[in-house]
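A.B. asks: One structure follows; several queries about it will come next.
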Amino acid sequence: MKFLPLLFANLTRRKVRTTLTLGSFAVALFLFCLLVTIRAAFNQGVEAAGADRILVINKVSMIQPLPIAYRERLMRVPGVKEATFANWFGGVYQDEKNFFPQFAVDAETYRTIYTEFLVSPEEWQAFLADKQGAVVGKATADRFGWKVGDRIPIKGAIFPGDWEFNLRGIYTGRRPNDDLTQFWFRWDYLKEKAPPWAQNNVGWYTVRIAPGADSVKVAKAIDELFANSAWETRTQSESAFMASFVEQMGNIEFLMVAIGSVVFFTLLLVTGNTMATSVRERTGELAILKTVGFTDTSVLALVLIESVLVAAIGGALGIGLAKIFTLGGDPTKGMLASFYLPPAGIAAGAGLSLSVGLIAGLLPALGAMRLQVVDALRRL
Amino acid sequence: MALPLIYNLESVRVRWASTVVAVLGIAGSVGVFVAMLALARGFQAALVSSGSDRNAMVRRAGATSEMDSAITLDQLRAIEDSAEVARGADGPLVSPEVVVVAALPLKKSGTDANVQLRGVSLKALAVHDKVKVVEGRFFTPGLFELTVGKNARDAYRGVAVGDDVKLGGTSWKVVGSFDAGGSAFDSEIWCDANLLNATYQRPTGIHQSVAARLAEGDAVPALERRFAADPRMKVRVERETDYYLRASQQMTTFITVLGSLVALVMALGAVFAALNTMYSAVAERSREIATIRALGFGEGAVVLSFVIEALLVALAGGIVGCLAALPLNGLVTQTLNFQTFSHLSFAFRVTPEVVGWGIAFALLMGLVGGLPPAVRAARVPVVVALRDL
C-alpha cells in the first residue's frame, strides 16, 4: 500500500500514453459487453422460455394452422394443466420498417400461462372488456410513443383489411431480459373480422404442464393423440422451439468468439507493447530502486501491479459505459427482443480484463526483475 | 520542401514492434468491417439476383411478402391477357406460384429449419430463366415430384436426388436439382403448384404471386395503370428486382447496424493503438526532428511526413485486414429470412467496393491517429531538443 504514490506517479508520468492504454481497455471491454448483449438478445427466447411450457405447432410447418377444436382435446391429455393459443398477425403499422410481433391471443388464458409479463389488474380488466382492446410491451410503446387509450391502426397482411385497436394496457417484464416488444389483441376480434378460412384456426398452442409431469411424455402423448389426423402436430418444449429459431439465424456464437478473440489479441499486443516501452524507459530508475534495497520480487510486483491497475481502471470504464449504452435500448429499432447486459457477462468481462493486464505485464515485469543493477547503471 | 519517403519507411522499420501492433489493430477492425459488409452484401445479392429486371411480380394489394398474398384465377387470366406481358411458344410468359414453408432437418445440426416450398408450373423455367436443372430432371406436373435448389440440397438431410421426402402426409420423390446462380431460389424446393395447394389444404386455384415476363423492360407503370382501371384487380405490381431489394432491406439494415457498431468500437481501439505508436515515435525522435528542422525543413513538411507515416501504417493494416477477410468471399452461410420465415443460404461477397470501403476506413483511422502526434512533432522546440544531444 505504501507504494501507491509511486504507482500513481508512474502512471501519470506520461499522461497521454496512460490515457490511451486506459482507452484501449475501455474500448475492448465495451465491445466485449456489446457482443455479450447481442448474443444474449439472440438467445433471449431460449433463456426466457418457461420450463413448464410446451409448444404445439402443425407438423408440416409453423405457418400451417391448427383447428381451434384442439384445445378441448389438449386439456384432456394427462399432465396438461392449461392450454392457450395464439395467431401470428403480421400486420403493418404505418410502414413495413416498423416491425414488431403481433399476436391474436386468447385473453382469458394467455396471462395465466405467460406469467412473466406484468399488466396492472385495472388495465387487464379494460382489455378484457374491450373487444378491440390491445396490450403492448413497454419497449414497443416507448418506440412509437403510445399511451394507454391510443387508437392504433394496423394494416392487415395475412388477414387483409384495416384493423384498429384501442391500447388498453402496457406490460412490463418480471425479469430484465423479457421480451417487451409484443403486441397482443383479442383472438375473438380476429375471428370476427378474419376471412372464413381463418375463423376456426389458430397458429399454435402453448400448453402449461402440471407440476411434476414429464414434459417429454406429455409432448409425446399430444403428438400421438393427433397422429393420422388432417392436422398432425409437433410438440416440443418452448426452449427447444426457440433454440431451433436461433439455430436458423446462423452461427452467432462463432461470430462473437471470432471478433472477441481478434480484439483481445490486439489488446494484449497494445498493452504488452506499452508496458515494455515504459519499463525500457525506466531502466535506470528500476536499477536505482534495486540499489536502495528493493528485492527482485517487489520490482516484479511493482511493474505487474501497474499493468493490472491500468487494466482494472480501463476495464471498469468500458463495462460501465456498456451498461449505460445497453440501458439506452435496442440500436436496431425493434429487431432484437431485448437488449440487456447480463451480470454474468460483466463478471466475465472483468475477469478477462484483469487476465489481459496480468499477461501483458508479465514479460516486462520479468525483465525488470532480472535486471542486473551494475549493467543498468552503466548504461545511464 | 517535403521530406523523402524513405525516411518514413526507415522509421517504420526501426520501430517494427510497435508498428506491428498498430498494423494488427487496424487490420482487426478493417477485417471485421469488411466481413460485415460482405455479409450484408451477400444477403442482399442473393435476394436481388432472384429477381429479374424484365419480370414483374404481381401480389395482392397490401401483402407484405409472397407468403401473405393471394391471386385468384380471374386475376391470373387478366394478367395473362395483358398486352404488356411477353408471349412465348406456349402462350404468355406468366408463372403463377404458391409459396409455403416446410420443416426439414438441417444436415449440420439435425434440428429442423424452415425450407421454402415453391409450387410452380413448367412455365417457371421460362420466366425465371436463371434457373437451370443441373442434376436429374425437372418435376413432372401432376406427379408428387420435387426439384431441389442446390443450396437446399446441401443444407438439408434426405433431399438428395432419388430420396423420398414426406411433406404434409404425402411422400414426394426428389427427381432433380437446379442451380439458380446463387439467388434465393437456390434455397428452395420446387414442385407442382396444384399438388402443393392440395397438400397444404389451401383453396384450389389460389396462387400467391404471379411472375410475368414483360414484353418491354419498362412496362411496369403501364401494367399498373391497366390494373388500376380494372375493379377486379386489387393487386400490387412491382418490378421483381424491386420486390427482392425491399425484402432484403430489413436483414441488411440489421447486419449493417450491428456490424458497423462493432467495427466502429474496434476502430476506436485501433485509433488508440495508432496514437500510442505515433506518440512514442515522436517522443523517441525529438532530436531527429530537431535536426531535420535545423536543416531547414518547415513545420508543414514535418507534419506531412508524420501523417504520411501514419497513413502508411494504416494502409498496411487495411491491406492485411482485407486480405484476412478475402477467404470469406464465396463462403456459403445461412440465416433466417424474416420476410418468409424460411432459411436462406447465401454467400459472402467481398466485392471491390467492399474492399475499397475497408481501405478508406483504414486510412481514416490512420489520419485520426496520426494527425495529433504529427502536430506535436512539428512543435518540438529546435533549440531545446538539440541541447539534449
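Labeling convention for the C-alpha cells: chains A, B, ... as they appear, residues from 1 per chain, ligands from 1 in order of appearance.
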Just list the residues in region 54-250 of chain B DSSP gives strand (DSSP E) on the backbone, as an NGL selection string.
C.D. replies: :B and (55-60 or 87-88 or 91-92 or 94-105 or 112-120 or 132-136 or 145-149 or 164-167 or 170-179 or 188-192 or 209-213 or 235-239)
A.B. asks: Hey, could you make a per-residue contact list for chain B against chain A with 6 Å as the cut-off, showing the nearest pair of atoms and its distance in Å to one decimal, counting only C-alpha atoms, sorted by chain and number, as a Markdown table?
C.D. replies:
| residue | atom | partner | partner_atom | distance |
| --- | --- | --- | --- | --- |
| B:Val21 | CA | A:Leu269 | CA | 5.9 |
| B:Gly25 | CA | A:Thr266 | CA | 5.6 |
| B:Gly62 | CA | A:Ala157 | CA | 5.9 |
| B:Ala63 | CA | A:Ala157 | CA | 4.9 |
| B:Asp68 | CA | A:Ile158 | CA | 4.6 |
| B:Ala102 | CA | A:Ser61 | CA | 4.8 |
| B:Ala103 | CA | A:Ser61 | CA | 5.2 |
| B:Gly168 | CA | A:Val60 | CA | 5.2 |
| B:Gly269 | CA | A:Ser24 | CA | 5.1 |
| B:Phe272 | CA | A:Leu20 | CA | 5.5 |
| B:Gln334 | CA | A:Gly250 | CA | 5.6 |
| B:Thr335 | CA | A:Met249 | CA | 4.5 |
| B:Leu336 | CA | A:Met249 | CA | 4.9 |
A.B. asks: The selected residues should be written to file as an mmCIF file, in the first residue's frame (atoms: C-alpha atoms).
C.D. replies:
data_model
loop_
_atom_site.group_PDB
_atom_site.id
_atom_site.type_symbol
_atom_site.label_atom_id
_atom_site.label_comp_id
_atom_site.auth_asym_id
_atom_site.auth_seq_id
_atom_site.Cartn_x
_atom_site.Cartn_y
_atom_site.Cartn_z
ATOM 1 C CA VAL B 21 0.879 -3.641 -33.050
ATOM 2 C CA GLY B 25 -5.015 -3.241 -34.539
ATOM 3 C CA GLY B 62 -51.463 -4.835 -49.026
ATOM 4 C CA ALA B 63 -49.499 -8.065 -48.869
ATOM 5 C CA ASP B 68 -49.439 -13.459 -47.212
ATOM 6 C CA ALA B 102 -41.956 -26.948 -44.531
ATOM 7 C CA ALA B 103 -39.803 -28.080 -41.617
ATOM 8 C CA GLY B 168 -47.775 -32.892 -45.266
ATOM 9 C CA GLY B 269 -9.455 0.906 -30.142
ATOM 10 C CA PHE B 272 -5.790 4.448 -29.717
ATOM 11 C CA GLN B 334 -27.331 -19.416 -43.749
ATOM 12 C CA THR B 335 -29.722 -17.214 -41.937
ATOM 13 C CA LEU B 336 -33.389 -16.804 -41.366
#
A.B. asks: So that I can see what lies close to Val12 (chain B), please list as an MDAnalysis selection string the residues with an atom at most 10 Å from it, counting only C-alpha atoms and leaving out residues fewer than 4 positions away in the same chain.
C.D. replies: chainID B and resid 6:8 16:20 281 309:310 312:313
A.B. asks: CA of Val30 (chain B) and CA of Gly358 (chain B), how far apart in Å?
C.D. replies: 5.5 Å
A.B. asks: Can you work out the spacing between CA of Gln116 (chain B) and CA of Phe227 (chain B) in Å, to one decimal?
C.D. replies: 29.0 Å
